[in-house]
Amino acid sequence: MISSKNFHKYFYTVDNDWYKRRLFGIMIAVFATFGILAARLFYLQIIQGDNYFKMSKNNCIRIQRVKPVRGLIFDRNGKLLVENRPSFDLNIIPCDARPIQQTLDKLSLYVPELADEINEKINKNKFRYSYRPVLLKKDIGRDALAPIASHRFELPGIIIDTNACRNYIYDALSSHLIGYLGEINVKELKSGIYRYKEGGDFIGRYGVEKAYDSYLSGIPGGRIVQVNANGQVVNVLDTVEPEPGNNLFLTIDFHLQSIAEAQLQGKVGAIVAMDPSSGEILAMASSPTFNQNDFINGISSDQWHRLVSDPNRPMMNKAVQGVYPPASIYKVVTAIAGLEEGVIDENTTFYCPGSYQYGNRVFGCWKKQGHGKVNVVKALTQSCDVFFYHVGKKIGVDRLAGYAKRCGLGSQTGINLDHESAGLIPTAAWKKRRTGISWQGGENLSIAIGQGYNLVTPLQLAVLYGAVANGGTEFKPQILKLIQTVEGKIVKISQPEIIGKLPVSRRTMGLIRKGLREVVHNKHGTAHSYVYDDDIDISGKTGTAQVVSRKTEKDRQNKKNNVSYESHAWFVGYAPTENPEIVVSVLIEHGIHGSSGAGPIAKEMIVSYLSGMIDNSIITSEK
Amino acid sequence: MFDRRLLNYFDWGLLAITLLICVMGLVLLYSAVSIDDSSCQLSIFYKQIFWIGLGLVIMVFSFIFSYTHLDKWAPAIYICSMILLVCVHLVGKHAGGSTRWLAIGPFTLQPSEPIKIAVIIMLARYFAHNVQMTGITFRRLLIPMALTAIPFVLVATQPDLGTAGTILLIAVSIAIFAKIDRRTLICFVLVAIIAIPVGWRMMKPYQKERVLTLLAPDRDPLGAGYHIRQSKIAVGSGLIFGKGYMQGTQKKLSFLPEQHTDFIFSVLAEEWGFAGSMFLLFMYLLLIAFALNIAHGCRDSFGTILSVGVAAMIFWQVFINMGMVMGLMPVVGMPLPLISYGGSSVFTMFIGIGLLMNVSMRRFTK
């Protein structure tokens with residue numbers, strides 16, 4: 001059979017019979033395994049067939065997703081700020097509800113108040129042949145729930161789903177910091193960031209709800225269920241429990257936060273209170289504010305439009321996103337730069353006649369009759385503009401900008417909140433690039449007193465003055481104290497983070513601190529009459545920021561239309577002066593004077609916090 | 001190059017079985033995609049007809065030249081294939097959590113499919129030169145192990161565990177057919193017994209969870225477990241003669257995400273019942289028997305081992321796919337040969353069958 005002469009180059013050491021024996025073995029193995037498949041088919045289709053046939057007949061196995069409970073949010077002392085409450089959601093399973101129109105008509109009969117909304121939703125959604133529930137209305141309320149529940153046998157395919165929905169216990173408290181939720185959109189679903197989310201789910205849209213969404217949202221579970229012909233669950237075959245979201249403890253203090261909100265009532269502005277030794281935010285308020293509870297079922301477009309078109313910008317967290325000229329608050333930076341660069345020392349004095357002539361332009365001091373002979377401490381105490389004009393002229397824009405940047409201005413603090421503004425610290429090159437016009441000598445004078453192009457956020461000034469308060473360390477502002485699982489296991493705990501050191505020597509620091517203390521304690525100090533307290537040693541600085549320098553015809557017209565061009569009022573201070581425990585930054589838009597417009601608010605915050613009015617001991621952080 | 005006399009030895013039986021399975025597949029696919037009236041689903045059906053037509057052309061190209069040339073070309077084919085696989089990692093298209101496809105103009109190719117053929121050819125060459133009656137010793141197994149490990153790792157990391165597993169199973173089948181030295185075989189088994197618990201210890205918890213889910217889909221009742229449950233209902237509810245063509249109720253509800261690809265057998269079992277399923281099973285058995293018979297009739301080692309390799313490829317894919325649909329096997333991506341929708345898979349099968357025809361028609365010419 002095998003001709004040996006014409007063999008291919010593969011001469012085999014094995015002969016054909018050997019291969020045949022092995023092939024026979026392989027064929028046996030193939031038969032055996034196919035026998036297993038055949039046996040399995042026999043088992044499924046013949047022995048168990050009737051069972052499976054019944055199951056398929058009823059189409060009764062469904063998969064149901066069980067949403068996780070979103071984590072709770074507490075203040076630093078364990079006071080509950082945000083919880084979840086039950087929401088009764090009305091769903092329809094189109095396949096079970098057939099004929100759909102008849103079912104819906106009945107539904108409208110029992111709950112006429114929902115009829116319009118449901119019909120609108122039906123018209124928008126062309127129903128597909130589906131066993132997936134379609135949401136008709138979220139959070140229908142107990143009044144609508146009762147008639148539906150009692151007629152449930154006449155309403156096939158209508159399902160009431162009980163879900164947890166967000167409840168912000170104190171309306172509008174700290175709404176900018178805590179934020180709100182919104183329904184996830186198609187783009188976000190596709191992005192892959194929200195891997196456990198589905199259409200119709202809510203995600204954090206703003207504030208802490210957004211920043212810590214991944215911790216708060218938890219992991220959904222699910223159930224495999226058997227349903228009857230009406231789509232109602234008769235048997236649960238398998239369950240995977242959802243994993244609830246983690247609970248957050250914020251750094252804010254509920255009572256101090258409430259005081260801040262109350263102080264801002266009817267005003268436009270922002271307050272930041274911070275622990276200068278760690279950067280923990282004790283309170284952060286922005287006014288006007290909004291009610292987060294309006295967002296829990298999706299805000300109506302009317303309401304949304306009203307919020308975003310309000311000229312007082314209620315949706316903006318002015319403490320973090322708002323930028324304002326720092327005005328006299330900035331004089332601390334100018335003083336540091338002057339002292340450190342050797343332009344002035346503690347004995348340098350300038351004479352203030354009430355104004356300063358530069359070229360052919362006259363720069364006024366806020367006190368028209370003048371401060372007389374002024375050194376650096378007195379200049380801070382009485383906020384003498386002329387003294388700082390001299391310093392600004394000598395030091396120049398770029399050297400000053402270098403110090404401002406090392407003081408943390410002109411860049412984000414890194415707080416874990418969206419849309420933080422960096423503010424603006426101008427340099428000569430920046431202006432040339434931006435406007436095409438070279439830096440003018442006179443502008444050195446304006447920026448030295450915090451006017452001109454300078455822009456800062458209330459938060460940046462809190463960090464800067466916090467650093468002055470603690471001896472020179474700039475801490476990153478923190479809003480989160482810790483994250484816990486529901487069982488109380490700690491997931492994450494915040495540590496103070498140093499973001500910079502003030503560029504000051506001990507000697508300079510002493511002078512600055514002395515000046516800031518005198519602002520409040522010296523009877524000529526700008527804040528003495530509004531901020532001085534007999535018991536608590538407060539230091540700080542006032543600021544009055546001009547909104548527009550030259551009033552045009554149009555502006556005057558605006559004024560008639562009630563658009564204010566009054567100055568913004570600033571006060572930034574800390575207490576107690578030695579071993580400070582709180583730094584407060586207050587900005588009131590169009591508050592006219594720093595001393596009277598912002599000073600009393602800051603004092604109220606400080607005194608409330610330090611005088612023991614806030615009793616932290618009663619609420620422990622146990623949950 | 002092509003001797004007309006070869007046509008006299010052409011394997012018409014093999015062609016008939018192949019075409020019969022393909023036609024069954026198309027009829028099934030039509031049912032699987034016509035759940036609703038959307039035309040985009042039907043386009044899958046037309047595309048599959050196109051793939052099969054193109055596959056037949058590829059099949060012709062796979063038998064007009066003598067397979068003995070493949071022995072020389074094997075290293076080149078193998079190296080090109082590996083480069084293709086590396087390309088997938090570098091510039092591949094990402095879809096559904098893995099990178100398996102290369103975009104070529106408007107088409108996408110899944111190189112891990114045809115790679116199986118390259119591995120079969122390369123291993124056939126190696127074993128043909130090294131086969132011994134007493135069995136191959138460990139030292140001589142090092143090279144084929146490396147030849148298998150490279151594509152295995154490249155495919156497994158895409159990640160495409162189904163195809164990677166098939167490559168490994170094909171290689172093991174070929175090695176066992178070529179006979180491994182008894183002591184070496186015992187060593188392998190011992191190493192495996194020791195390595196599995198050690199490897200298990202070294203795995204991270206989430207990796208363990210993945211492996212467990214793969215082996216026991218019930219651990220993931222909302223994902224793989226749910227699919228298995230629905231698939232078993234579909235198969236079981238077919239009873240003896242099925243619910244009738246286009247009448248599958250499980251199918252209509254789209255409980256299974258891969259109805260026209262990996263889970264297409266569930267549609268067959270539901271609509272054509274035990275009778276239809278057994279018929280298809282028999283067709284595959286016949287296909288494999290033909291392949292082994294071709295190996296049997298071939299008179300050189302290379303052709304024999306090549307045929308056994310192709311038979312192993314068909315066998316493992318049928319076994320794993322059907323086993324998966326019936327709840328006997330882990331859920332991995334694995335097309336049913338010649339039936340599941342997909343160009344790359346169809347081409348690979350036709351190349352394999354073309355090679356079988358190639359060996360078959362040259363059994364007397366040497």
# chains A, B, ... in the order shown; residues from 1 in each chain; ligands from 1
>>> interface_residues(of="chain B", to="chain A", cutoff="8 Å", atoms="only C-alpha atoms", output="PyMOL selection string")
chain B and resi 128-129+131-133+177+221-222+226+232-240+249-250+253+273-274+277-278+281+285+289+292+295-296+299-302+315+319+322-323+326+366
>>> select_by_dssp(residues="range 242-358 of chain B", states="alpha helix (DSSP H)", output="PyMOL selection string")
chain B and resi 249-252+264-297+301-325+343-358
>>> residues_around(residues="range 6-14 of chain B", least_positions_apart="2", cutoff="10 Å", atoms="only C-alpha atoms", output="list in words")
Phe2, Asp3, Arg4, Ala16, Ile17, Thr18, Leu19, Leu20, Phe63, Ile64, Leu286, Leu287, Ile288, Ala289, Phe290, Ala291, Ile294, Ile353, Gly354, Leu356, Met357, Asn358, Val359, Ser360, Met361, Arg362, Arg363, Phe364 and Thr365 of chain B
>>> atom_distance(atom1="CA of Lys405 in chain A", atom2="CA of Arg513 in chain A")
19.9 Å
>>> atom_distance(atom1="CA of Ser34 in chain B", atom2="CA of Gly342 in chain B")
17.0 Å
>>> residues_around(residues="range 344-352 of chain B", least_positions_apart="5", cutoff="9 Å", atoms="only C-alpha atoms", output="PyMOL selection string")
chain B and resi 18+48+51-52+54-63+108-117+307+310-311+313-314+335-339+357
>>> write_last_selection(atoms="N, CA and C atoms", output="short mmCIF file (atom, residue, chain, number, x, y, z; two decimals), in the first residue's frame")
data_model
loop_
_atom_site.label_atom_id
_atom_site.label_comp_id
_atom_site.auth_asym_id
_atom_site.auth_seq_id
_atom_site.Cartn_x
_atom_site.Cartn_y
_atom_site.Cartn_z
N THR B 18 -20.81 20.76 4.77
CA THR B 18 -20.51 22.16 5.08
C THR B 18 -21.66 23.05 4.64
N GLN B 48 -24.49 38.09 6.49
CA GLN B 48 -23.99 36.74 6.72
C GLN B 48 -23.97 35.95 5.40
N TRP B 51 -20.90 37.00 3.78
CA TRP B 51 -19.71 36.39 4.41
C TRP B 51 -19.54 34.94 3.94
N ILE B 52 -20.65 34.21 3.87
CA ILE B 52 -20.54 32.80 3.48
C ILE B 52 -20.09 32.70 2.02
N LEU B 54 -18.26 34.85 0.41
CA LEU B 54 -16.84 35.18 0.42
C LEU B 54 -16.04 34.03 1.01
N GLY B 55 -16.61 33.38 2.01
CA GLY B 55 -15.95 32.24 2.65
C GLY B 55 -15.70 31.12 1.66
N LEU B 56 -16.69 30.88 0.77
CA LEU B 56 -16.52 29.83 -0.23
C LEU B 56 -15.35 30.14 -1.15
N VAL B 57 -15.20 31.43 -1.48
CA VAL B 57 -14.07 31.83 -2.33
C VAL B 57 -12.77 31.56 -1.59
N ILE B 58 -12.74 31.95 -0.32
CA ILE B 58 -11.54 31.73 0.48
C ILE B 58 -11.23 30.24 0.57
N MET B 59 -12.30 29.44 0.66
CA MET B 59 -12.13 27.99 0.74
C MET B 59 -11.42 27.49 -0.52
N VAL B 60 -11.86 28.00 -1.69
CA VAL B 60 -11.23 27.57 -2.94
C VAL B 60 -9.74 27.91 -2.92
N PHE B 61 -9.44 29.13 -2.44
CA PHE B 61 -8.04 29.53 -2.38
C PHE B 61 -7.25 28.65 -1.41
N SER B 62 -7.95 28.05 -0.46
CA SER B 62 -7.25 27.22 0.52
C SER B 62 -6.98 25.82 0.01
N PHE B 63 -7.56 25.43 -1.15
CA PHE B 63 -7.22 24.09 -1.62
C PHE B 63 -6.57 24.04 -3.00
N THR B 108 -14.43 45.32 9.84
CA THR B 108 -13.58 45.06 10.98
C THR B 108 -13.25 43.58 11.00
N LEU B 109 -11.99 43.29 11.25
CA LEU B 109 -11.54 41.92 11.30
C LEU B 109 -11.19 41.58 12.74
N GLN B 110 -11.53 40.37 13.11
CA GLN B 110 -11.17 39.91 14.45
C GLN B 110 -10.04 38.90 14.28
N PRO B 111 -8.79 39.36 14.33
CA PRO B 111 -7.66 38.49 13.97
C PRO B 111 -7.53 37.27 14.87
N SER B 112 -8.10 37.31 16.08
CA SER B 112 -7.92 36.16 16.95
C SER B 112 -8.58 34.92 16.35
N GLU B 113 -9.55 35.08 15.44
CA GLU B 113 -10.19 33.93 14.80
C GLU B 113 -9.23 33.23 13.83
N PRO B 114 -8.78 33.91 12.74
CA PRO B 114 -7.88 33.21 11.82
C PRO B 114 -6.54 32.80 12.45
N ILE B 115 -6.20 33.41 13.60
CA ILE B 115 -4.95 33.04 14.26
C ILE B 115 -4.93 31.56 14.60
N LYS B 116 -6.12 30.99 14.86
CA LYS B 116 -6.19 29.57 15.20
C LYS B 116 -5.57 28.72 14.09
N ILE B 117 -5.88 29.10 12.81
CA ILE B 117 -5.36 28.35 11.67
C ILE B 117 -3.84 28.44 11.64
N SER B 307 -4.89 18.03 9.55
CA SER B 307 -6.32 17.66 9.53
C SER B 307 -6.85 17.47 10.94
N VAL B 310 -7.50 20.87 12.48
CA VAL B 310 -8.76 21.49 12.05
C VAL B 310 -9.95 20.80 12.71
N ALA B 311 -9.88 19.48 12.78
CA ALA B 311 -10.97 18.73 13.42
C ALA B 311 -11.10 19.16 14.89
N MET B 313 -10.30 22.04 16.17
CA MET B 313 -10.87 23.39 16.22
C MET B 313 -12.40 23.33 16.14
N ILE B 314 -12.89 22.55 15.16
CA ILE B 314 -14.35 22.45 15.01
C ILE B 314 -14.95 21.80 16.25
N PRO B 335 -18.17 31.43 19.11
CA PRO B 335 -19.17 31.24 18.05
C PRO B 335 -19.38 29.76 17.73
N LEU B 336 -20.59 29.45 17.28
CA LEU B 336 -20.90 28.09 16.82
C LEU B 336 -20.45 28.00 15.36
N PRO B 337 -19.57 27.06 15.02
CA PRO B 337 -18.96 27.04 13.69
C PRO B 337 -19.99 27.05 12.56
N LEU B 338 -19.79 27.93 11.61
CA LEU B 338 -20.58 28.06 10.38
C LEU B 338 -22.01 28.55 10.62
N ILE B 339 -22.42 28.74 11.87
CA ILE B 339 -23.79 29.14 12.13
C ILE B 339 -23.87 30.52 12.77
N MET B 357 -10.06 19.83 2.51
CA MET B 357 -10.26 19.40 1.13
C MET B 357 -8.92 19.27 0.42
#
>>> residues_around(residues="Ser505 in chain A", least_positions_apart="4", cutoff="10 Å", atoms="only C-alpha atoms", output="ChimeraX atom specification")
/A:336,339-340,471-472,509-510
>>> write_last_selection(atoms="C-alpha atoms", output="JSON list (two decimals), in the first residue's frame")
[["chain", "number", "residue", "atom", "x", "y", "z"],
["A", 336, "ILE", "CA", 4.61, 91.92, 53.28],
["A", 339, "LEU", "CA", 8.94, 94.72, 54.25],
["A", 340, "GLU", "CA", 10.48, 91.58, 52.76],
["A", 471, "GLY", "CA", 1.98, 81.91, 61.67],
["A", 472, "GLY", "CA", 2.40, 81.43, 57.95],
["A", 509, "MET", "CA", 4.78, 88.54, 60.56],
["A", 510, "GLY", "CA", 4.87, 90.27, 63.94]]
>>> atom_distance(atom1="CA of Leu455 in chain A", atom2="CA of Ile425 in chain A")
6.7 Å
>>> residues_around(residues="Ser286 in chain A", least_positions_apart="2", cutoff="6 Å", atoms="only C-alpha atoms", output="PDB file with N, CA and C atoms, in the first residue's frame")
ATOM      1  N   GLY A 269     -24.046  88.230  48.910  1.00  0.00           N
ATOM      2  CA  GLY A 269     -22.657  88.109  49.330  1.00  0.00           C
ATOM      3  C   GLY A 269     -22.300  86.706  49.738  1.00  0.00           C
ATOM      4  N   ALA A 270     -21.170  86.601  50.444  1.00  0.00           N
ATOM      5  CA  ALA A 270     -20.675  85.276  50.809  1.00  0.00           C
ATOM      6  C   ALA A 270     -19.924  85.336  52.124  1.00  0.00           C
ATOM      7  N   ASN A 317     -21.977  79.836  43.792  1.00  0.00           N
ATOM      8  CA  ASN A 317     -21.390  79.844  45.119  1.00  0.00           C
ATOM      9  C   ASN A 317     -20.359  80.964  45.169  1.00  0.00           C
ATOM     10  N   LYS A 318     -20.797  82.133  45.650  1.00  0.00           N
ATOM     11  CA  LYS A 318     -19.939  83.314  45.562  1.00  0.00           C
ATOM     12  C   LYS A 318     -18.674  83.175  46.407  1.00  0.00           C
TER      13      LYS A 318
END
>>> residues_around(residues="range 161-177 of chain A", least_positions_apart="3", cutoff="7 Å", atoms="only C-alpha atoms", output="ChimeraX atom specification")
/A:69,81-91,207-208,284-286,289-293,296,317
>>> write_last_selection(atoms="C-alpha atoms", output="PDB file, in the first residue's frame")
ATOM      1  CA  VAL A  69     -29.654  53.926  49.081  1.00  0.00           C
ATOM      2  CA  LEU A  81     -28.255  67.454  57.128  1.00  0.00           C
ATOM      3  CA  VAL A  82     -29.333  65.300  54.188  1.00  0.00           C
ATOM      4  CA  GLU A  83     -31.371  62.102  54.395  1.00  0.00           C
ATOM      5  CA  ASN A  84     -33.550  59.965  52.145  1.00  0.00           C
ATOM      6  CA  ARG A  85     -37.299  59.695  52.278  1.00  0.00           C
ATOM      7  CA  PRO A  86     -39.593  57.273  50.470  1.00  0.00           C
ATOM      8  CA  SER A  87     -40.888  58.335  47.089  1.00  0.00           C
ATOM      9  CA  PHE A  88     -43.750  56.466  45.421  1.00  0.00           C
ATOM     10  CA  ASP A  89     -43.051  56.206  41.723  1.00  0.00           C
ATOM     11  CA  LEU A  90     -45.735  55.270  39.254  1.00  0.00           C
ATOM     12  CA  ASN A  91     -44.544  52.818  36.589  1.00  0.00           C
ATOM     13  CA  GLY A 207     -21.358  70.758  45.348  1.00  0.00           C
ATOM     14  CA  VAL A 208     -20.570  67.887  47.691  1.00  0.00           C
ATOM     15  CA  MET A 284     -19.677  78.495  53.835  1.00  0.00           C
ATOM     16  CA  ALA A 285     -22.652  80.493  52.731  1.00  0.00           C
ATOM     17  CA  SER A 286     -23.552  82.360  49.596  1.00  0.00           C
ATOM     18  CA  THR A 289     -29.536  80.890  47.774  1.00  0.00           C
ATOM     19  CA  PHE A 290     -31.836  78.243  46.355  1.00  0.00           C
ATOM     20  CA  ASN A 291     -33.821  75.320  47.723  1.00  0.00           C
ATOM     21  CA  GLN A 292     -32.237  71.969  46.923  1.00  0.00           C
ATOM     22  CA  ASN A 293     -35.536  70.197  47.496  1.00  0.00           C
ATOM     23  CA  ILE A 296     -35.136  66.167  43.792  1.00  0.00           C
ATOM     24  CA  ASN A 317     -21.390  79.844  45.119  1.00  0.00           C
TER      25      ASN A 317
END
>>> closest_residue(among="B:Ser266, B:Thr137, B:Thr213, B:Thr166", to="Ile180 in chain B", atoms="only C-alpha atoms")
B:Thr137
